[in-house]
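Chemist: Contents are mmCIF, C-alpha atoms; file name data_8.cif:
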```
data_target
loop_
_atom_site.group_PDB
_atom_site.id
_atom_site.type_symbol
_atom_site.label_atom_id
_atom_site.label_comp_id
_atom_site.auth_asym_id
_atom_site.auth_seq_id
_atom_site.Cartn_x
_atom_site.Cartn_y
_atom_site.Cartn_z
ATOM 1 C CA MET A 293 0.647 -0.660 -32.286
ATOM 2 C CA SER A 294 2.695 -2.656 -29.786
ATOM 3 C CA THR A 295 4.618 -0.804 -27.115
ATOM 4 C CA SER A 296 7.915 -2.427 -28.063
ATOM 5 C CA ALA A 297 7.662 -1.049 -31.616
ATOM 6 C CA CYS A 298 8.501 2.502 -30.452
ATOM 7 C CA VAL A 299 11.076 1.715 -27.774
ATOM 8 C CA PRO A 300 14.842 1.555 -28.366
ATOM 9 C CA SER A 301 16.804 -1.575 -27.604
ATOM 10 C CA LEU A 302 18.112 -2.278 -24.134
ATOM 11 C CA PRO A 303 21.869 -2.083 -23.543
ATOM 12 C CA ASP A 304 23.643 -5.222 -24.761
ATOM 13 C CA GLY A 305 23.467 -8.206 -22.451
ATOM 14 C CA LEU A 306 20.277 -7.233 -20.627
ATOM 15 C CA THR A 307 16.803 -8.720 -21.064
ATOM 16 C CA THR A 308 13.287 -7.649 -20.165
ATOM 17 C CA ARG A 309 9.917 -9.142 -19.270
ATOM 18 C CA PRO A 310 6.787 -8.069 -17.348
ATOM 19 C CA LEU A 311 7.065 -7.946 -13.594
ATOM 20 C CA ARG A 312 5.530 -10.745 -11.526
ATOM 21 C CA LEU A 313 4.176 -10.602 -7.990
ATOM 22 C CA ALA A 314 7.154 -12.710 -6.891
ATOM 23 C CA ASP A 315 9.441 -9.866 -8.048
ATOM 24 C CA ALA A 316 8.270 -7.557 -5.239
ATOM 25 C CA PRO A 317 11.315 -8.263 -3.010
ATOM 26 C CA SER A 318 13.713 -7.642 -5.905
ATOM 27 C CA VAL A 319 12.005 -4.386 -6.883
ATOM 28 C CA THR A 320 12.093 -3.337 -3.231
ATOM 29 C CA GLU A 321 15.831 -4.050 -3.198
ATOM 30 C CA VAL A 322 16.369 -1.735 -6.210
ATOM 31 C CA ILE A 323 14.310 1.046 -4.594
ATOM 32 C CA ARG A 324 16.105 0.709 -1.265
ATOM 33 C CA ALA A 325 19.514 0.786 -2.961
ATOM 34 C CA GLU A 326 18.567 4.068 -4.653
ATOM 35 C CA GLU A 327 17.203 5.464 -1.373
ATOM 36 C CA LEU A 328 20.505 4.754 0.375
ATOM 37 C CA VAL A 329 22.353 6.802 -2.237
ATOM 38 C CA ASP A 330 19.794 9.604 -2.575
ATOM 39 C CA LEU A 331 18.454 9.917 0.976
ATOM 40 C CA GLY A 332 21.038 8.234 3.169
ATOM 41 C CA ALA A 333 18.507 5.685 4.452
ATOM 42 C CA ALA A 334 16.394 2.901 2.952
ATOM 43 C CA GLU A 335 12.683 3.145 3.782
ATOM 44 C CA MET A 336 10.662 1.272 1.150
ATOM 45 C CA SER A 337 8.995 -1.952 2.314
ATOM 46 C CA VAL A 338 7.932 -4.911 0.226
ATOM 47 C CA GLU A 339 4.375 -4.505 1.570
ATOM 48 C CA GLU A 340 4.154 -1.046 -0.010
ATOM 49 C CA VAL A 341 5.242 -2.443 -3.360
ATOM 50 C CA ARG A 342 2.752 -5.318 -3.214
ATOM 51 C CA GLU A 343 -0.239 -3.192 -2.182
ATOM 52 C CA ASP A 344 -0.033 -1.143 -5.389
ATOM 53 C CA TRP A 345 0.282 -4.275 -7.520
ATOM 54 C CA CYS A 346 -2.697 -5.974 -5.838
ATOM 55 C CA ARG A 347 -5.277 -3.342 -6.819
ATOM 56 C CA PRO A 348 -8.140 -5.146 -8.610
ATOM 57 C CA SER A 349 -8.075 -2.760 -11.588
ATOM 58 C CA TYR A 350 -4.330 -3.128 -12.116
ATOM 59 C CA ASP A 351 -2.735 -5.420 -14.708
ATOM 60 C CA LEU A 352 0.843 -6.163 -13.692
ATOM 61 C CA SER A 353 1.589 -7.997 -16.932
ATOM 62 C CA THR A 354 0.823 -5.048 -19.243
ATOM 63 C CA SER A 355 1.776 -2.112 -17.003
ATOM 64 C CA THR A 356 5.316 -3.064 -15.995
ATOM 65 C CA ARG A 357 8.693 -4.230 -17.201
ATOM 66 C CA ALA A 358 11.644 -5.728 -15.345
ATOM 67 C CA VAL A 359 15.200 -5.416 -16.630
ATOM 68 C CA LEU A 360 17.357 -8.477 -15.907
ATOM 69 C CA ASP A 361 21.076 -9.201 -16.097
ATOM 70 C CA PRO A 362 21.597 -12.825 -17.283
ATOM 71 C CA ALA A 363 25.312 -12.570 -16.509
ATOM 72 C CA ALA A 364 24.375 -12.076 -12.830
ATOM 73 C CA GLY A 365 21.927 -14.966 -12.643
ATOM 74 C CA ASP A 366 19.006 -12.977 -14.089
ATOM 75 C CA ARG A 367 19.302 -10.416 -11.331
ATOM 76 C CA LEU A 368 16.565 -7.770 -11.492
ATOM 77 C CA VAL A 369 18.504 -4.522 -11.925
ATOM 78 C CA ALA A 370 15.796 -2.064 -12.979
ATOM 79 C CA TYR A 371 12.031 -1.782 -13.347
ATOM 80 C CA VAL A 372 9.313 0.514 -14.623
ATOM 81 C CA ASP A 373 5.673 0.591 -13.530
ATOM 82 C CA HIS A 374 2.879 2.595 -15.182
ATOM 83 C CA THR A 375 0.852 2.674 -11.994
ATOM 84 C CA GLY A 376 -2.101 4.392 -13.666
ATOM 85 C CA ASP A 377 -3.308 7.593 -15.325
ATOM 86 C CA ASP A 378 -0.302 9.908 -15.682
ATOM 87 C CA VAL A 379 1.921 8.439 -12.944
ATOM 88 C CA ALA A 380 4.811 6.009 -13.257
ATOM 89 C CA TYR A 381 7.464 4.579 -10.960
ATOM 90 C CA ALA A 382 10.891 3.454 -12.145
ATOM 91 C CA GLY A 383 14.265 2.604 -10.712
ATOM 92 C CA VAL A 384 17.732 1.518 -11.754
ATOM 93 C CA HIS A 385 20.087 -0.085 -9.242
ATOM 94 C CA PRO A 386 22.969 2.366 -8.621
ATOM 95 C CA ALA A 387 25.489 -0.242 -9.801
ATOM 96 C CA TYR A 388 23.794 -0.249 -13.225
ATOM 97 C CA GLN A 389 23.187 3.468 -13.709
ATOM 98 C CA GLY A 390 24.828 5.326 -16.581
ATOM 99 C CA ARG A 391 24.363 2.530 -19.125
ATOM 100 C CA GLY A 392 21.270 3.817 -20.915
ATOM 101 C CA ILE A 393 18.754 1.727 -18.955
ATOM 102 C CA GLY A 394 16.893 4.838 -17.785
ATOM 103 C CA THR A 395 16.466 5.984 -21.380
ATOM 104 C CA TRP A 396 14.897 2.632 -22.251
ATOM 105 C CA LEU A 397 12.585 2.737 -19.209
ATOM 106 C CA ALA A 398 11.429 6.279 -20.064
ATOM 107 C CA ALA A 399 10.711 5.375 -23.690
ATOM 108 C CA TRP A 400 8.828 2.234 -22.727
ATOM 109 C CA VAL A 401 6.568 3.895 -20.150
ATOM 110 C CA GLN A 402 5.880 6.913 -22.364
ATOM 111 C CA GLN A 403 4.627 4.644 -25.112
ATOM 112 C CA ARG A 404 2.667 2.516 -22.648
ATOM 113 C CA ALA A 405 0.997 5.658 -21.252
ATOM 114 C CA ARG A 406 0.094 6.865 -24.766
ATOM 115 C CA GLU A 407 -1.567 3.546 -25.549
ATOM 116 C CA ALA A 408 -3.513 3.801 -22.268
ATOM 117 C CA GLY A 409 -4.840 7.231 -23.291
ATOM 118 C CA ALA A 410 -2.642 9.454 -21.085
ATOM 119 C CA THR A 411 -1.559 12.849 -22.382
ATOM 120 C CA ARG A 412 1.412 13.143 -20.013
ATOM 121 C CA ILE A 413 3.474 10.914 -17.734
ATOM 122 C CA GLY A 414 5.448 11.793 -14.640
ATOM 123 C CA SER A 415 7.112 10.532 -11.503
ATOM 124 C CA GLN A 416 8.186 11.788 -8.086
ATOM 125 C CA VAL A 417 11.900 11.522 -7.265
ATOM 126 C CA PRO A 418 14.281 12.921 -4.629
ATOM 127 C CA GLN A 419 15.318 16.464 -5.461
ATOM 128 C CA GLY A 420 18.823 16.562 -6.918
ATOM 129 C CA SER A 421 19.029 12.773 -7.334
ATOM 130 C CA ALA A 422 20.374 10.981 -10.411
ATOM 131 C CA ALA A 423 16.741 10.383 -11.465
ATOM 132 C CA ASP A 424 15.929 14.088 -11.058
ATOM 133 C CA ARG A 425 18.913 15.106 -13.191
ATOM 134 C CA PHE A 426 18.006 12.519 -15.828
ATOM 135 C CA MET A 427 14.395 13.703 -16.037
ATOM 136 C CA GLN A 428 15.431 17.346 -16.338
ATOM 137 C CA ALA A 429 17.791 16.433 -19.186
ATOM 138 C CA GLN A 430 14.923 14.550 -20.888
ATOM 139 C CA GLY A 431 12.654 17.616 -20.780
ATOM 140 C CA TYR A 432 10.431 16.647 -17.833
ATOM 141 C CA ARG A 433 8.969 19.802 -16.258
ATOM 142 C CA LEU A 434 8.370 20.421 -12.562
ATOM 143 C CA ARG A 435 4.713 19.999 -11.532
ATOM 144 C CA TRP A 436 4.986 20.123 -7.749
ATOM 145 C CA THR A 437 7.370 19.799 -4.804
ATOM 146 C CA ALA A 438 6.796 17.258 -2.029
ATOM 147 C CA TRP A 439 8.237 16.710 1.409
ATOM 148 C CA ASP A 440 8.669 13.853 3.854
ATOM 149 C CA LEU A 441 8.247 15.143 7.395
ATOM 150 C CA GLU A 442 9.137 13.436 10.640
ATOM 151 C CA LEU A 443 8.356 14.051 14.290
ATOM 152 C CA PRO A 444 11.792 14.233 15.938
ATOM 153 C CA ALA A 445 12.541 11.617 18.590
ATOM 154 C CA GLY A 446 11.450 12.814 22.001
ATOM 155 C CA THR A 447 9.178 15.501 20.580
ATOM 156 C CA THR A 448 5.744 15.804 22.131
ATOM 157 C CA MET A 449 3.060 17.228 19.889
ATOM 158 C CA PRO A 450 0.998 20.083 21.370
ATOM 159 C CA ALA A 451 -2.219 18.992 23.026
ATOM 160 C CA ALA A 452 -4.996 18.985 20.435
ATOM 161 C CA PRO A 453 -8.369 17.969 21.868
ATOM 162 C CA LEU A 454 -11.273 17.319 19.559
ATOM 163 C CA ALA A 455 -13.783 20.098 19.050
ATOM 164 C CA PRO A 456 -16.754 19.770 21.437
ATOM 165 C CA GLY A 457 -19.376 17.262 20.296
ATOM 166 C CA HIS A 458 -16.991 15.337 18.021
ATOM 167 C CA THR A 459 -15.923 11.721 18.505
ATOM 168 C CA LEU A 460 -12.955 9.733 17.214
ATOM 169 C CA ARG A 461 -13.046 5.944 16.813
ATOM 170 C CA ASP A 462 -11.799 2.947 14.822
ATOM 171 C CA ALA A 463 -13.511 2.257 11.519
ATOM 172 C CA GLU A 464 -15.775 -0.754 11.131
ATOM 173 C CA PRO A 465 -16.511 -2.535 7.837
ATOM 174 C CA ALA A 466 -19.734 -0.524 7.425
ATOM 175 C CA ASP A 467 -17.629 2.649 7.535
ATOM 176 C CA HIS A 468 -15.388 1.724 4.605
ATOM 177 C CA GLU A 469 -17.485 3.229 1.824
ATOM 178 C CA PRO A 470 -18.160 6.543 3.655
ATOM 179 C CA ALA A 471 -14.433 6.798 4.488
ATOM 180 C CA TRP A 472 -13.549 6.225 0.819
ATOM 181 C CA THR A 473 -15.994 8.933 -0.258
ATOM 182 C CA LEU A 474 -14.744 11.478 2.273
ATOM 183 C CA LEU A 475 -11.027 10.932 1.672
ATOM 184 C CA GLU A 476 -11.370 10.883 -2.105
ATOM 185 C CA ASP A 477 -13.464 14.065 -1.956
ATOM 186 C CA CYS A 478 -10.696 15.723 0.069
ATOM 187 C CA PHE A 479 -7.841 14.574 -2.164
ATOM 188 C CA LEU A 480 -9.672 15.387 -5.394
ATOM 189 C CA GLU A 481 -9.899 19.040 -4.375
ATOM 190 C CA TRP A 482 -6.293 19.339 -5.596
ATOM 191 C CA ALA A 483 -5.233 16.044 -7.234
ATOM 192 C CA GLU A 484 -5.654 15.945 -11.027
ATOM 193 C CA ARG A 485 -6.795 12.341 -11.426
ATOM 194 C CA PRO A 486 -9.984 10.293 -11.667
ATOM 195 C CA ARG A 487 -11.697 9.111 -8.491
ATOM 196 C CA GLN A 488 -9.954 5.976 -7.266
ATOM 197 C CA PRO A 489 -12.215 2.895 -7.486
ATOM 198 C CA PHE A 490 -13.501 1.684 -4.122
ATOM 199 C CA ASP A 491 -11.790 -1.716 -4.385
ATOM 200 C CA ASP A 492 -8.450 -0.142 -5.358
ATOM 201 C CA PHE A 493 -8.752 2.233 -2.403
ATOM 202 C CA GLY A 494 -9.455 -0.705 -0.111
ATOM 203 C CA ALA A 495 -6.442 -2.622 -1.410
ATOM 204 C CA ARG A 496 -4.260 0.135 0.032
ATOM 205 C CA ILE A 497 -6.031 0.288 3.400
ATOM 206 C CA TRP A 498 -8.246 -2.465 4.846
ATOM 207 C CA ASP A 499 -7.013 -5.149 2.433
ATOM 208 C CA ARG A 500 -3.391 -4.146 3.025
ATOM 209 C CA GLU A 501 -1.114 -6.762 4.570
ATOM 210 C CA GLY A 502 -1.119 -6.343 8.368
ATOM 211 C CA TYR A 503 -4.177 -4.087 8.520
ATOM 212 C CA ALA A 504 -5.884 -3.632 11.914
ATOM 213 C CA PRO A 505 -8.996 -1.513 12.652
ATOM 214 C CA TRP A 506 -7.018 1.096 14.658
ATOM 215 C CA GLN A 507 -5.237 2.105 11.442
ATOM 216 C CA LEU A 508 -8.355 3.765 9.995
ATOM 217 C CA ARG A 509 -9.778 6.329 12.408
ATOM 218 C CA LEU A 510 -12.941 8.361 11.882
ATOM 219 C CA VAL A 511 -14.249 11.641 13.292
ATOM 220 C CA HIS A 512 -18.010 12.202 13.560
ATOM 221 C CA ASP A 513 -19.769 15.427 14.530
ATOM 222 C CA GLU A 514 -22.647 16.053 16.913
ATOM 223 C CA SER A 515 -25.172 14.742 14.398
ATOM 224 C CA GLY A 516 -23.204 11.551 13.702
ATOM 225 C CA ALA A 517 -22.003 12.709 10.275
ATOM 226 C CA LEU A 518 -18.533 11.636 9.164
ATOM 227 C CA VAL A 519 -16.308 14.738 8.943
ATOM 228 C CA GLY A 520 -12.746 13.381 9.094
ATOM 229 C CA ALA A 521 -10.653 10.266 8.513
ATOM 230 C CA THR A 522 -7.043 9.201 9.060
ATOM 231 C CA HIS A 523 -5.149 6.188 7.735
ATOM 232 C CA VAL A 524 -1.929 5.304 9.573
ATOM 233 C CA HIS A 525 0.083 2.105 9.239
ATOM 234 C CA LEU A 526 3.361 0.635 10.426
ATOM 235 C CA SER A 527 6.231 0.542 7.956
ATOM 236 C CA GLY A 528 9.917 -0.074 8.583
ATOM 237 C CA GLY A 529 9.538 0.382 12.324
ATOM 238 C CA GLY A 530 7.697 3.677 11.900
ATOM 239 C CA GLY A 531 4.159 4.957 11.977
ATOM 240 C CA TYR A 532 3.239 6.498 8.622
ATOM 241 C CA VAL A 533 0.161 8.671 8.156
ATOM 242 C CA ALA A 534 -0.760 7.766 4.590
ATOM 243 C CA LYS A 535 -4.023 9.747 4.415
ATOM 244 C CA ILE A 536 -5.676 12.436 6.484
ATOM 245 C CA GLY A 537 -8.699 14.462 5.457
ATOM 246 C CA VAL A 538 -11.304 16.768 6.983
ATOM 247 C CA ARG A 539 -14.551 17.666 5.246
ATOM 248 C CA ARG A 540 -14.247 21.130 3.705
ATOM 249 C CA ASP A 541 -16.975 22.768 5.814
ATOM 250 C CA ARG A 542 -15.424 21.494 9.090
ATOM 251 C CA ARG A 543 -11.900 22.806 8.585
ATOM 252 C CA GLY A 544 -10.396 25.460 10.852
ATOM 253 C CA ARG A 545 -11.648 23.796 14.053
ATOM 254 C CA GLY A 546 -8.460 21.948 14.964
ATOM 255 C CA LEU A 547 -9.729 18.553 13.841
ATOM 256 C CA ALA A 548 -6.691 17.747 11.682
ATOM 257 C CA ALA A 549 -4.255 18.431 14.540
ATOM 258 C CA ALA A 550 -6.309 16.240 16.896
ATOM 259 C CA MET A 551 -6.452 13.436 14.319
ATOM 260 C CA LEU A 552 -2.699 13.612 13.692
ATOM 261 C CA THR A 553 -1.897 13.520 17.407
ATOM 262 C CA ASP A 554 -4.197 10.523 17.787
ATOM 263 C CA ALA A 555 -2.654 8.667 14.821
ATOM 264 C CA PHE A 556 0.927 9.075 16.028
ATOM 265 C CA ALA A 557 -0.003 8.123 19.601
ATOM 266 C CA LEU A 558 -1.628 4.919 18.342
ATOM 267 C CA ALA A 559 1.349 4.137 16.114
ATOM 268 C CA ARG A 560 3.736 4.516 19.041
ATOM 269 C CA ALA A 561 1.479 2.356 21.213
ATOM 270 C CA HIS A 562 1.780 -0.350 18.549
ATOM 271 C CA GLY A 563 5.563 -0.230 18.454
ATOM 272 C CA ALA A 564 6.456 2.603 16.072
ATOM 273 C CA ARG A 565 9.879 4.083 16.808
ATOM 274 C CA ARG A 566 9.331 7.102 14.547
ATOM 275 C CA CYS A 567 6.359 9.017 13.162
ATOM 276 C CA TYR A 568 6.270 10.492 9.678
ATOM 277 C CA LEU A 569 4.129 11.502 6.693
ATOM 278 C CA SER A 570 4.345 13.120 3.266
ATOM 279 C CA THR A 571 2.712 16.185 1.755
ATOM 280 C CA ASP A 572 3.218 18.371 -1.292
ATOM 281 C CA SER A 573 2.851 21.929 -2.507
ATOM 282 C CA ARG A 574 -0.629 21.315 -3.943
ATOM 283 C CA THR A 575 -2.185 20.728 -0.514
ATOM 284 C CA GLY A 576 -1.054 23.801 1.409
ATOM 285 C CA ALA A 577 -0.626 21.592 4.500
ATOM 286 C CA LEU A 578 3.126 21.981 5.089
ATOM 287 C CA GLY A 579 2.630 24.770 7.619
ATOM 288 C CA LEU A 580 0.181 22.690 9.666
ATOM 289 C CA TYR A 581 2.679 19.867 10.074
ATOM 290 C CA GLU A 582 5.557 22.190 10.921
ATOM 291 C CA HIS A 583 3.327 23.957 13.456
ATOM 292 C CA VAL A 584 2.864 20.725 15.431
ATOM 293 C CA GLY A 585 6.622 20.103 15.566
ATOM 294 C CA MET A 586 7.334 18.046 12.463
ATOM 295 C CA VAL A 587 10.470 18.750 10.415
ATOM 296 C CA VAL A 588 11.270 18.133 6.755
ATOM 297 C CA SER A 589 13.485 15.055 6.356
ATOM 298 C CA SER A 590 13.640 14.959 2.548
ATOM 299 C CA THR A 591 12.453 16.971 -0.442
ATOM 300 C CA TRP A 592 11.047 15.464 -3.634
ATOM 301 C CA VAL A 593 9.972 16.796 -7.010
ATOM 302 C CA HIS A 594 7.284 15.508 -9.343
ATOM 303 C CA ARG A 595 8.297 15.966 -12.967
ATOM 304 C CA ALA A 596 6.211 15.167 -16.041
ATOM 305 C CA VAL A 597 6.473 15.269 -19.803
ATOM 306 C CA ASP A 598 3.679 15.784 -22.332
ATOM 307 C CA LEU A 599 3.090 12.861 -24.672
#
```
Take the structure in the file and give it back as structure tokens.

Modeler:
Amino acid sequence: MSTSACVPSLPDGLTTRPLRLADAPSVTEVIRAEELVDLGAAEMSVEEVREDWCRPSYDLSTSTRAVLDPAAGDRLVAYVDHTGDDVAYAGVHPAYQGRGIGTWLAAWVQQRAREAGATRIGSQVPQGSAADRFMQAQGYRLRWTAWDLELPAGTTMPAAPLAPGHTLRDAEPADHEPAWTLLEDCFLEWAERPRQPFDDFGARIWDREGYAPWQLRLVHDESGALVGATHVHLSGGGGYVAKIGVRRDRRGRGLAAAMLTDAFALARAHGARRCYLSTDSRTGALGLYEHVGMVVSSTWVHRAVDL
């Protein structure tokens, strides 16, 4: 069964096609326009959009749709992206909201997810936003709450030295597979998804546009075993900690605080004007970040619907 067979028609005058890599700036523009309305600031970068699309296992032509307005020179006004498993991203430019485009996007991605074998589909949106209200009205249930946290300007994090016998250094190519294993092990303790393929993981870190070795930092113990890893990168003038993980049996020794302090110090040394990260209610890490001086800058909700 084709996906289009179960999806209602778009509002009159609009057209659709799969996204192309060249659409990344236009999709970024839609996301940033929504962020301005919902969050008061635009943060998404085109590099973040491209890195998801460039995963080796990902098929942009079958997993996405763009919505275009021919009357505005085929302007891209909305998009939907079944990024994999039970997760989707979608957006409608604020100037085009309220016309039924969101209903079309939701129907399309639900059918696409069914055909891919998913039993539910969901997305993370700013709490109280137009997207949040739409999803609630469509029967999407709350799965978890997430937060963006930022280190306020001028704030100095408490000193957090490494535990005795531990070392912290940049990753080398030979470290990539062990880092993938450790971080995926940590995230899969609470994330309900398959293990991310090694090459897809790498597309978001060492194959990411602008990657430098200081962005992936590793902690080893007295025996030389890898026990922690941090991925930080520059985005929109800020330093963003995208991943941080400590092996289960080495937690409670202050390693995470030391790794976070190190990551933000490196980001600032490389020009970051702000330091931030994201976490959610599944991880139990909110208290750790608040303890070192970070404050919540925005609250998000992940909502999903059974298929």

Chemist: Which residue gives the smallest distance to Asp499 of chain A among A:Ala452, A:Leu480, A:Cys346, A:Arg542, with all atoms listed in the file counted?

Modeler: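 Going through A:Ala452, A:Leu480, A:Cys346, A:Arg542 one by one, the smallest distance to Asp499 of chain A is for A:Cys346.
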
Chemist: Just give me the residues with any atom within 7 Å of (-11.7, 0.1, 7.6), file coordinates, counting all atoms listed in the file, written as number ranges by chain.

Modeler: A: 463-465, 467-468, 498, 505, 508

Chemist: Can you spit out the residues from that selection as an mmCIF file, keeping the file's coordinate frame, using C-alpha atoms?

Modeler:
```cif
data_model
loop_
_atom_site.group_PDB
_atom_site.id
_atom_site.type_symbol
_atom_site.label_atom_id
_atom_site.label_comp_id
_atom_site.auth_asym_id
_atom_site.auth_seq_id
_atom_site.Cartn_x
_atom_site.Cartn_y
_atom_site.Cartn_z
ATOM 1 C CA ALA A 463 -13.511 2.257 11.519
ATOM 2 C CA GLU A 464 -15.775 -0.754 11.131
ATOM 3 C CA PRO A 465 -16.511 -2.535 7.837
ATOM 4 C CA ASP A 467 -17.629 2.649 7.535
ATOM 5 C CA HIS A 468 -15.388 1.724 4.605
ATOM 6 C CA TRP A 498 -8.246 -2.465 4.846
ATOM 7 C CA PRO A 505 -8.996 -1.513 12.652
ATOM 8 C CA LEU A 508 -8.355 3.765 9.995
#
```

Chemist: Measuring atom to atom with all atoms listed in the file, identify which of A:Leu454, A:Val588, A:Ala334, A:Met427 is nearest to Thr553 of chain A.

Modeler: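 Ranking A:Leu454, A:Val588, A:Ala334, A:Met427 by distance to Thr553 of chain A, first place goes to A:Leu454.
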
Chemist: Give the answer as one residue: which of A:Asp377, A:Asp572, A:Glu469, A:Asp554 has the shortest atom-to-atom distance to Glu407 of chain A, using all atoms listed in the file?

Modeler: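 Ranked by minimum distance to Glu407 of chain A, first place goes to A:Asp377.
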
Chemist: Atom CA of Thr307 of chain A to atom CA of Leu368 of chain A: how many Å, to one decimal?

Modeler: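 Separating atom CA of Thr307 of chain A from atom CA of Leu368 of chain A is a distance of 9.6 Å.
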
Chemist: Have a look at A:Met586, A:Ala577, A:Ile413, A:Ala451 and name the one nearest to Arg433 of chain A; count only C-alpha atoms.

Modeler: A:Ile413

Chemist: Hey, can you check how far atom CA of Ala364 of chain A sits from atom CA of Glu321 of chain A?

Modeler: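 It comes out at 15.2 Å.
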
Chemist: For the provided coordinates, the residues matched by the PyMOL selection byres ((chain A and resi 489) around 12) should be stated as a list in words.

Modeler: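 Written out, the selection comes to Arg347, Pro348, Ser349, Tyr350, Gly376, Glu469, Trp472, Thr473, Glu476, Arg485, Pro486, Arg487, Gln488, Phe490, Asp491, Asp492, Phe493, Gly494, Ala495 and Arg496 of chain A.
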
Chemist: Using only C-alpha atoms, pick whichever of A:Pro310, A:Pro418, A:Gly383, A:Pro300 has the shortest atom-to-atom distance to Trp396 of chain A.

Modeler: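 Ranking A:Pro310, A:Pro418, A:Gly383, A:Pro300 by distance to Trp396 of chain A, first place goes to A:Pro300.
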
Chemist: Using the chain letters and numbers from this file, what does the PyMOL selection byres ((chain A and resi 550) around 12) select? Give the answer as a PDB file with C-alpha atoms, keeping the file's coordinate frame.

Modeler:
```
ATOM      1  CA  MET A 449       3.060  17.228  19.889  1.00  0.00           C
ATOM      2  CA  PRO A 450       0.998  20.083  21.370  1.00  0.00           C
ATOM      3  CA  ALA A 451      -2.219  18.992  23.026  1.00  0.00           C
ATOM      4  CA  ALA A 452      -4.996  18.985  20.435  1.00  0.00           C
ATOM      5  CA  PRO A 453      -8.369  17.969  21.868  1.00  0.00           C
ATOM      6  CA  LEU A 454     -11.273  17.319  19.559  1.00  0.00           C
ATOM      7  CA  ALA A 455     -13.783  20.098  19.050  1.00  0.00           C
ATOM      8  CA  PRO A 456     -16.754  19.770  21.437  1.00  0.00           C
ATOM      9  CA  HIS A 458     -16.991  15.337  18.021  1.00  0.00           C
ATOM     10  CA  THR A 459     -15.923  11.721  18.505  1.00  0.00           C
ATOM     11  CA  LEU A 460     -12.955   9.733  17.214  1.00  0.00           C
ATOM     12  CA  ARG A 509      -9.778   6.329  12.408  1.00  0.00           C
ATOM     13  CA  LEU A 510     -12.941   8.361  11.882  1.00  0.00           C
ATOM     14  CA  VAL A 511     -14.249  11.641  13.292  1.00  0.00           C
ATOM     15  CA  GLY A 520     -12.746  13.381   9.094  1.00  0.00           C
ATOM     16  CA  ALA A 521     -10.653  10.266   8.513  1.00  0.00           C
ATOM     17  CA  THR A 522      -7.043   9.201   9.060  1.00  0.00           C
ATOM     18  CA  ILE A 536      -5.676  12.436   6.484  1.00  0.00           C
ATOM     19  CA  GLY A 537      -8.699  14.462   5.457  1.00  0.00           C
ATOM     20  CA  VAL A 538     -11.304  16.768   6.983  1.00  0.00           C
ATOM     21  CA  ARG A 543     -11.900  22.806   8.585  1.00  0.00           C
ATOM     22  CA  GLY A 544     -10.396  25.460  10.852  1.00  0.00           C
ATOM     23  CA  ARG A 545     -11.648  23.796  14.053  1.00  0.00           C
ATOM     24  CA  GLY A 546      -8.460  21.948  14.964  1.00  0.00           C
ATOM     25  CA  LEU A 547      -9.729  18.553  13.841  1.00  0.00           C
ATOM     26  CA  ALA A 548      -6.691  17.747  11.682  1.00  0.00           C
ATOM     27  CA  ALA A 549      -4.255  18.431  14.540  1.00  0.00           C
ATOM     28  CA  MET A 551      -6.452  13.436  14.319  1.00  0.00           C
ATOM     29  CA  LEU A 552      -2.699  13.612  13.692  1.00  0.00           C
ATOM     30  CA  THR A 553      -1.897  13.520  17.407  1.00  0.00           C
ATOM     31  CA  ASP A 554      -4.197  10.523  17.787  1.00  0.00           C
ATOM     32  CA  ALA A 555      -2.654   8.667  14.821  1.00  0.00           C
ATOM     33  CA  PHE A 556       0.927   9.075  16.028  1.00  0.00           C
ATOM     34  CA  ALA A 557      -0.003   8.123  19.601  1.00  0.00           C
ATOM     35  CA  LEU A 580       0.181  22.690   9.666  1.00  0.00           C
ATOM     36  CA  TYR A 581       2.679  19.867  10.074  1.00  0.00           C
ATOM     37  CA  VAL A 584       2.864  20.725  15.431  1.00  0.00           C
TER      38      VAL A 584
END
```

Chemist: Go through A:His385, A:Arg539, A:Arg404, A:His374 one by one, measure the shortest atom-to-atom distance of each to Val319 of chain A using all atoms listed in the file, and give the residue with the smallest value.

Modeler: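 With all atoms listed in the file as the atom set, the closest residue is A:His385.
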
Chemist: Taking all atoms of segment 321-328 of chain A that the file lists and extending 6 Å past them on each side, where is the centre of the axis-aligned box and how long are its edges? Answer in Å to one decimal, as AutoDock Vina command-line options.

Modeler:
```
--center_x 17.4 --center_y 0.7 --center_z -2.9 --size_x 18.2 --size_y 21.5 --size_z 18.6
```

Chemist: Output the residue selection produced by the PyMOL selection byres ((chain A and resi 434) around 7) on the file above, formatted as a ChimeraX atom specification.

Modeler: /A:432-433,435-436,593-596
